[in-house]
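Student: Quick one: this structure, given as structure tokens, is what I'll be asking you about.
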Amino acid sequence: MVSQAVIPQRTNWAPVAALGLAMLVVTSEMSIAAVTLPGIGADLAVSPSATAWVLLAYALPMAALAIPAGRWADGADVRAAFALSMVGIAVSSVLVGLAPAFWLLVAGRLLQGAAGALIVAVYMPIITTSVLPAQRGRAIGFVITIMTVGAMAGVPLGGLIAEVLGWRAVFLVKLPVVVAVLWVGLHTITRIPGRGLPRPGAALLREALLLGGAVAVLLLAFEAVDAYPLGAAALAVGSIGLAVWWSRLADSRPVLGIVRNPAFGFTMISLLAVSTTAGLVAFLLPYFVSDVLRAGPGITGVALLFFVGAMAPLSAAAGALADRLGNRVLAAAGSAVSVVATLLMLTLDGDAGLFDLAWRLAVLGVGAALFNPAVNAAMLAAAPAGSEGVAGGVGMTVRTIAMTVAPAASALAWTLAGGGIAGFRTGIVMITVAVAVGLLVLLVPVRQP
């Protein structure tokens with residue numbers, strides 16, 4: 001349980017700023033690293049298919065360890081856990097940036113992903129110990145704004161650094177930011193008395209192996225579904241088996257208890273459903289531009305700037321609005337706007353231009369800006385005191401699964417419909433139905449704990 005001594009008497013925005021920059025470093029690591037793949041392949045003499053492990057080795061521990069790391073963080077001093085995660089990111093970044101061999105680089109990326117999972121684990125506890133309950137939506141919106149603006153600038157900046165200084169500099173250039181964030185965190189995050197960094201016991205390690213393994217195997221299944229459908233099916237069955245095994249452990253009961261609470265569980269269903277819009281951004285839009293409009297990826301990139309440009313400035317304001325109107329109310333409004341945005345996508349045809357794509361993506365960005373801070377704040381409000389780390393871990397796992405499954409499902413819908421406009425619209429209908437389900441779930445009355 002969170003002790004009364006760490007409940008803030010007023011909001012301290014410095015830890016929120018440090019958290020935002022830390023989350024920026026963690027979440028941008030996937031997209032920025034993508035620009036390094038050709039350079040890594042040429043420098044370390046590995047094939048293009050092998051370089052995909054630079055991305056996968058980071059994503060797997062991030063998703064697999066989110067819930068176990070959250071359980072560990074709930075028993076730790078949040079300031080010490082934050083410091084450990086930032087030191088882990090710094091050390092692993094140096095290991096990756098100076099790696100003389102590809103296997104060592106992959107090992108460093110695995111360590112980066114594990115350190116990133118720790119940041120996710122302390123995300124909600126830091127908000128809880130630093131921000132008044134009435135201002136948590138505003139704080140989360142502020143963090144999302146920092147992350148979104150960083151993501152908007154991260155990829156082109158990473159590409160420029162890779163071109164001028166080489167791929168290794170992309171992993172090393174963030175070190176001054178990491179050091180600054182660590183300093184701010186150590187001086188501003190509230191320390192929880194009587195807690196340190198507990199040694200993970202056998203039960204937590206067992207949970208990490210089973211639950212983390214289930215999530216990791218599920219993600220691998222979706223990665224392999226196109227090339228090896230039978231192998232992907234076998235992996236999916238294995239993932240279910242590991243998850244069932246974990247659910248029978250006594251240690252799983254606290255996590256399952258949180259998820260079974262309707263206020264929390266319905267929020268997670270909505271998050272899963274609305275996050276399927278990743279299928280539009282990551283698959284349907286690029287293929288529509290390429291196969292239907294016969295245009296290059298530059299058009300996709302420029303159009304997506306309107307999505308990010310609408311989302312970034314509105315997120316902080318939307319968080320403050322959630323504090324006033326209610327988290328579920330604003331999350332429902334955001335999902336409703338997202339439904340409208342996906343329906344508008346159905347009106348695109350072969351004569352569409354950049355403007356037609358841009359304003360529709362801007363509407364989708366508004367929906368995301370309204371939804372994300374509110375749904376995160378609703379998740380935090382529904383979590384029992386002392387379980388904020390687990391709540392953040394569950395949310396991260398659900399979001400990661402959605403963002404992995406949605407592009408794969410969109411690709412399947414595209415293929416079954418024969419591609420082109422028919423494939424695009426089939427995928428859009430699938431996403432619209434999913435987002436509508438997310439909206440309906442939020443409209444179900446639930447009693448807050």
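In the structure tokens, chains take the letters A, B, ... in the order shown, each chain's residues start at 1, and ligands count up from 1 in the order shown.
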Ala33 (chain A): which residues within 9 Å, counting only C-alpha atoms, same-chain residues fewer than 6 positions away excluded, as a VMD selection string?

Tutor: chain A and resid 54 to 55 155 158 167 170 to 171

Student: Hey, what's within 6 Å of region 336-353 of chain A if we count only C-alpha atoms and toss same-chain stuff fewer than 2 positions away? As number ranges by chain, please?

Tutor: A: 292-293, 333-334, 355-356, 363-364, 367, 425, 432

Student: Based on the backbone DSSP call, show me all residues of region 75-199 of chain A assigned helix (DSSP H, G or I), as number ranges by chain.

Tutor: A: 78-97, 102-130, 133-165, 167-172, 175-188

Student: Name the closest residue to Leu182 (chain A) among the candidates A:Leu205, A:Leu249, A:Val131, A:Ala83; distances are taken between atoms, counting only C-alpha atoms.

Tutor: A:Ala83

Student: Do you know which residues are at most 10 Å from region 410-417 of chain A counting only C-alpha atoms, after dropping those on the same chain fewer than 3 positions away, and could you put them as an MDAnalysis selection string?

Tutor: chainID A and resid 225:226 276:280 282:284 287:288 405:407 420:431

Student: Include C-alpha atoms and write out the residues we just selected as a PDB file, in the first residue's frame.

Tutor:
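Saved as part-v2.pdb:
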```pdb
ATOM      1  CA  VAL A 225       1.963 -14.940 -39.190  1.00  0.00           C
ATOM      2  CA  ASP A 226       2.642 -13.906 -42.814  1.00  0.00           C
ATOM      3  CA  THR A 276      -6.350  -0.796 -33.133  1.00  0.00           C
ATOM      4  CA  THR A 277      -6.128   2.511 -35.013  1.00  0.00           C
ATOM      5  CA  ALA A 278      -2.423   1.576 -35.158  1.00  0.00           C
ATOM      6  CA  GLY A 279      -3.421  -0.708 -38.028  1.00  0.00           C
ATOM      7  CA  LEU A 280      -4.444   2.362 -40.044  1.00  0.00           C
ATOM      8  CA  ALA A 282       1.214   1.420 -39.574  1.00  0.00           C
ATOM      9  CA  PHE A 283      -0.234  -0.580 -42.470  1.00  0.00           C
ATOM     10  CA  LEU A 284      -3.350   0.620 -44.290  1.00  0.00           C
ATOM     11  CA  TYR A 287      -0.249   0.712 -48.619  1.00  0.00           C
ATOM     12  CA  PHE A 288      -3.106   2.962 -49.719  1.00  0.00           C
ATOM     13  CA  VAL A 405      -2.099  -7.282 -33.550  1.00  0.00           C
ATOM     14  CA  ALA A 406      -3.736  -4.343 -35.377  1.00  0.00           C
ATOM     15  CA  PRO A 407      -1.236  -4.073 -38.281  1.00  0.00           C
ATOM     16  CA  GLY A 420      -6.431  -1.723 -53.424  1.00  0.00           C
ATOM     17  CA  ILE A 421      -9.401   0.412 -52.382  1.00  0.00           C
ATOM     18  CA  ALA A 422     -11.400  -2.697 -51.432  1.00  0.00           C
ATOM     19  CA  GLY A 423      -8.616  -3.913 -49.141  1.00  0.00           C
ATOM     20  CA  PHE A 424      -8.206  -0.461 -47.595  1.00  0.00           C
ATOM     21  CA  ARG A 425     -11.913  -0.084 -46.877  1.00  0.00           C
ATOM     22  CA  THR A 426     -12.209  -3.612 -45.490  1.00  0.00           C
ATOM     23  CA  GLY A 427      -9.413  -2.867 -43.051  1.00  0.00           C
ATOM     24  CA  ILE A 428     -11.003   0.465 -42.122  1.00  0.00           C
ATOM     25  CA  VAL A 429     -14.370  -1.217 -41.426  1.00  0.00           C
ATOM     26  CA  MET A 430     -12.623  -3.710 -39.133  1.00  0.00           C
ATOM     27  CA  ILE A 431     -10.882  -0.904 -37.219  1.00  0.00           C
TER      28      ILE A 431
END
```

Student: When you draw a straight line from CA of Gly201 (chain A) to CA of Leu65 (chain A), how long is it in Å?

Tutor: 14.8 Å

Student: Any idea what the distance is between CA of Ala18 (chain A) and CA of Val181 (chain A)?

Tutor: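 Straight-line distance from CA of Ala18 (chain A) to CA of Val181 (chain A) works out to 5.3 Å.
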
Student: If you count only C-alpha atoms, which residues fall within 10 Å of Phe266 (chain A), apart from same-chain ones fewer than 6 positions away, as a VMD selection string?

Tutor: chain A and resid 259 to 260 272 379 438 440 to 446

Student: Could you list, as a list in words, every residue within 12 Å of Ala243 (chain A), counting only C-alpha atoms and ignoring same-chain residues fewer than 6 positions away?

Tutor: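 My reading of the contact set: Ala64, Glu207, Ala208, Leu209, Leu210, Leu211, Gly212, Gly213, Ala214, Val215, Ala216, Val217, Leu218, Ala236, Val237, Leu249, Ser252 and Leu256 of chain A.
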
Student: May I ask for the distance between CA of Ile144 (chain A) and CA of Ala318 (chain A), given in Å to one decimal place?

Tutor: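 Answer for the CA of Ile144 (chain A) to CA of Ala318 (chain A) separation: 10.5 Å.
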
Student: Which residue is closest to Leu60 (chain A)? Choose from A:Ile401, A:Val302, A:Ala81, A:Val120 and count only C-alpha atoms.

Tutor: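 Using only C-alpha atoms, the shortest distance to Leu60 (chain A) belongs to A:Ile401.
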
Student: Can you tell me which residues surround Lys174 (chain A) at a distance of at most 10 Å, considering only C-alpha atoms, apart from same-chain residues fewer than 3 positions away, and format the answer as a ChimeraX atom specification?

Tutor: /A:25,89-90,93,169-171,177-179

Student: May I ask which of the residues A:Ala52, A:Leu118, A:Val255, A:Ala358 is the closest one to Ala383 (chain A), counting only C-alpha atoms?

Tutor: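 The answer is A:Val255, which sits nearest to Ala383 (chain A).
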